[in-house]
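Below is one structure; the comments refer to it alone.
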Amino acid sequence: MNVNIVKGTHDIYDDDARAFEYIEMVLKAVAEMYSFQQIRTPILEYTELFTRSVGESSDIVRKEMYTFLDKGDRSVTLRPELTAGVMRSIVTNKLYATKDLPIKSYYVGPAFRYERPQAGRYRQFNQFGIEAVGVTSPYQDLECIMLGYDALKLLGFKNINLKINSLGDQESRNKYREALKEYFSKQIDNMCADCKERFNINPLRILDCKVPADQEIAKNAPKMRDYLTPEAKKRFETITNTLEEYEIPYEIDDSLVRGLDYYSHIIFEFHYTTENGLNVGAVGAGGHYDNLLSEIGGPALSGVGLALGIERLYAVMKDDNLLKEEKLETDVYVMPIGEDSIKDAFGVAQILRANAYKVEICLENKSFKQLFKRAENINAKLAVIIGENEIKNNEVVLKDLHTQKQVTIPLKNLLGTLDMMFDDKEEEHDHCSCAEDIHHE
RNA sequence: GCGGUUAUGGUGAAGUGGUUAACACAUCUGGCUGUGAACCAGACAUUCGUCAGUUCGAUUCUGAUUAACCGCCCCA
């Protein structure tokens, strides 16, 4: 009887793992370009953190959390998103007092939601994200959006679909909420069960409903935009105007309300459809928040955050062939010929590794056919062949696996020869440096 | 939580109510124990997701179950 992988989880290995690493590397680099610093918070948090931050009325808290009691009967939860943990960390470590504001943090790591898996959706998935806390300027919101936009562009995306909306401040939202309740109160009896529930908990979410009949009803509902206070409106316009100035295409989506309760003012989602038509939902999303920190016992500081789903990025990038470069590379494959050569070959491999070469070695007596097969599979550039004769003469055979040329050289010259060969290659490589790609366009 | 589709070696997959379950790739052995492809000969599913039922007989039919994929809801 096999032990199965847990539903909705997945193993990532070899080329896929390299692709994930590449994606994360690009995202981290962009975050650092914007002066964010890494933060790593626990995967496990007390359940209360999420009920208070993500919100009791959100679907995440109501039905998607991995929650259980630990041996001390404390309710703990595998984080369904990473923002809450970052906020908790800011409060726990009093970062708002010990650090200059704003606090700018980025994170990468797994999150968990108990949902039905489907395309681009897992129960354990990885998120990259940023949080900027302690600035009220709308330009901080913009910085976040632009960071996300830059990251997607650097990963190779074209035609990014940015959707935005404003939820306004508390005052705007209260007025709007009343208006919505009044509008829907006449028709709520004809609407779906979910909507009836939303009507009481959070009428804004009715706008999100995908039932066609309900969408019809919602179409004529009052618009948030008309209920923004003058200040909230001005804030939103600053953002839209600036996006236009920087020629970042966006679309105002009145039905965009987001499923997390803590947002206010601007909220946004990045969507993308591949050339084959694959769409895995939002690849990234975020928004501004005012009460999140105070809700969990911190000072009343505003912030803005953005999260990107690594699995979703990977899925669409793979579909659009944006990942083909990531192959395993091996500098040298050490081939012992005969059982008695393994000991010496092992020593050679260790010396090369100590000098930072990527080295694989065959530790069994295998035929040339097998040795070269393996060399091909691990994408080795060079082979070092060590047999009885070589050991006797203190030599090794160094073979270029691409040109098939080989030379016999004294063992003591091996490292020097390799250093020369690889120096040449690095110089060649510098001519097409990655820095150019980034500033290109 | 609801709906659809699927389940055959390491992988991709044909196929049938009756004991040879195709083919291809990968792997291994030998031709060729000191040099990569190709070629040739051979090996590789006591078994068709799991459990039950129908049947003389089930991988095939039926039911249940599990899982995966896809969609709804929601979300990254």
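Chain lettering (A, B, ...) mirrors the order of the structure tokens, residue numbering begins at 1 for each chain separately, and ligand numbering begins at 1 in order of display.
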Interface residues on chain B facing chain A, 9 Å, only C-alpha atoms (C1' of nucleotides), written as a ChimeraX atom specification: /B:33-36,67,69-76
If you run DSSP over the backbone, which residues in region 145-348 of chain A end up helix (DSSP H, G or I)? Put them as a VMD selection string. chain A and resid 145 to 154 170 to 185 188 to 190 193 to 201 203 to 208 212 to 219 224 to 227 230 to 245 292 to 295 310 to 319 339 to 348
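Going from CA of Thr47 (chain A) over to CA of Phe112 (chain A), you cover 13.0 Å.
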Which polymer residues have any atom within 10 Å of an atom of region 12-18 of chain B, counting only C-alpha atoms (C1' of nucleotides), with same-chain residues fewer than 5 positions away left out, as an MDAnalysis selection string?
chainID B and resid 23:25 55 57:61
Selected residues written out, C-alpha atoms (C1' of nucleotides), as a CSV table (one decimal), in the first residue's frame:
```csv
chain,number,residue,atom,x,y,z
B,23,C,C1',3.2,-0.3,-29.9
B,24,A,C1',6.7,3.7,-28.6
B,25,C,C1',10.1,6.1,-25.2
B,55,U,C1',-20.6,-14.7,-14.3
B,57,G,C1',-14.7,-17.2,-16.2
B,58,A,C1',-13.8,-10.0,-15.2
B,59,U,C1',-8.6,-5.8,-16.9
B,60,U,C1',-13.4,-5.6,-19.8
B,61,C,C1',-20.1,-5.4,-17.2
```
_I want to know what sits within 9 Å of Ile391 (chain A), based on only C-alpha atoms (C1' of nucleotides), with residues of the same chain fewer than 4 positions away left out; could you give that as a list in words?_
Ser341, Asp344, Ile386, Gly387, Glu395, Val396 and Leu411 of chain A
Would you return as an MDAnalysis selection string the members of region 283-356 of chain A that DSSP assigns to strand (DSSP E or B) on this structure's backbone?
-> chainID A and resid 284:289 303:309 330:336
How would the residues just picked look written out with N, CA and C atoms as a short mmCIF file (atom, residue, chain, number, x, y, z; two decimals), in the first residue's frame?
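The result, stored in part.cif:
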```cif
data_model
loop_
_atom_site.label_atom_id
_atom_site.label_comp_id
_atom_site.auth_asym_id
_atom_site.auth_seq_id
_atom_site.Cartn_x
_atom_site.Cartn_y
_atom_site.Cartn_z
N GLY A 284 -1.72 37.82 -9.43
CA GLY A 284 -1.27 38.65 -8.33
C GLY A 284 -2.37 39.60 -7.93
N ALA A 285 -2.34 40.05 -6.69
CA ALA A 285 -3.39 40.95 -6.23
C ALA A 285 -2.95 41.63 -4.96
N GLY A 286 -3.62 42.73 -4.65
CA GLY A 286 -3.26 43.42 -3.42
C GLY A 286 -4.12 44.64 -3.21
N GLY A 287 -3.71 45.45 -2.25
CA GLY A 287 -4.47 46.64 -1.98
C GLY A 287 -3.96 47.38 -0.76
N HIS A 288 -4.65 48.45 -0.50
CA HIS A 288 -4.30 49.34 0.61
C HIS A 288 -5.13 48.96 1.84
N TYR A 289 -4.53 49.12 3.02
CA TYR A 289 -5.30 48.84 4.24
C TYR A 289 -4.98 49.88 5.30
N GLY A 303 -1.06 50.78 5.40
CA GLY A 303 -0.10 50.03 4.61
C GLY A 303 -0.68 49.64 3.28
N VAL A 304 0.16 49.00 2.50
CA VAL A 304 -0.28 48.50 1.21
C VAL A 304 0.52 47.24 0.91
N GLY A 305 -0.15 46.28 0.30
CA GLY A 305 0.53 45.01 0.03
C GLY A 305 0.17 44.45 -1.32
N LEU A 306 0.97 43.51 -1.72
CA LEU A 306 0.79 42.83 -3.01
C LEU A 306 1.25 41.40 -2.84
N ALA A 307 0.51 40.45 -3.39
CA ALA A 307 0.95 39.06 -3.36
C ALA A 307 0.85 38.46 -4.75
N LEU A 308 1.83 37.64 -5.10
CA LEU A 308 1.82 36.95 -6.39
C LEU A 308 1.86 35.45 -6.11
N GLY A 309 1.12 34.69 -6.89
CA GLY A 309 1.11 33.24 -6.72
C GLY A 309 2.15 32.59 -7.60
N THR A 330 26.22 21.10 -15.42
CA THR A 330 27.32 20.46 -14.71
C THR A 330 28.60 20.81 -15.45
N ASP A 331 29.60 21.23 -14.69
CA ASP A 331 30.86 21.61 -15.34
C ASP A 331 31.64 20.36 -15.75
N VAL A 332 31.77 19.46 -14.81
CA VAL A 332 32.67 18.32 -15.05
C VAL A 332 32.01 17.03 -14.58
N TYR A 333 32.10 16.01 -15.41
CA TYR A 333 31.68 14.67 -14.99
C TYR A 333 32.93 13.80 -14.88
N VAL A 334 33.19 13.30 -13.70
CA VAL A 334 34.39 12.49 -13.47
C VAL A 334 34.05 11.02 -13.70
N MET A 335 34.79 10.40 -14.60
CA MET A 335 34.52 9.02 -14.99
C MET A 335 35.66 8.10 -14.58
N PRO A 336 35.47 7.34 -13.54
CA PRO A 336 36.50 6.34 -13.20
C PRO A 336 36.33 5.12 -14.11
#
```
Which residues are close to Glu48 (chain A), i.e. within 9 Å by only C-alpha atoms (C1' of nucleotides), leaving aside same-chain residues fewer than 5 positions away? Reply as a PyMOL selection string. chain A and resi 53+75-77
For the residues selected in the previous step, produce a file with C-alpha atoms as a PDB file, in the first residue's frame.
```pdb
ATOM      1  CA  SER A  53      -7.086  40.323  10.095  1.00  0.00           C
ATOM      2  CA  SER A  75      -6.281  26.701  18.111  1.00  0.00           C
ATOM      3  CA  VAL A  76      -3.604  27.127  15.480  1.00  0.00           C
ATOM      4  CA  THR A  77      -3.852  27.586  11.722  1.00  0.00           C
TER       5      THR A  77
END
```
Students should find that CA of Asp320 (chain A) and C1' of A7 (chain B) are spaced 29.0 Å
Exercise. Would you kindly return, as number ranges by chain, each protein, DNA or RNA residue with an atom no farther than 10 Å from any atom of region 215-229 of chain A, considering only C-alpha atoms (C1' of nucleotides) and excluding same-chain residues fewer than 3 positions away?
Key: A: 165-177, 179-184, 187-188, 190-191, 204, 206-212, 232-236, 254-255, 257, 265
Which residues are close to Met146 (chain A), i.e. within 12 Å by only C-alpha atoms (C1' of nucleotides), leaving aside same-chain residues fewer than 6 positions away? Reply as a VMD selection string.
chain A and resid 30 to 31 33 to 34 139 to 140 152 to 154 160 162 239 242 to 244 246 to 250 268 270 286 305 to 306
Using only C-alpha atoms (C1' of nucleotides), the best pick from B:A22, B:C32, B:A45, B:A52 as closest to G10 (chain B) would be B:A45
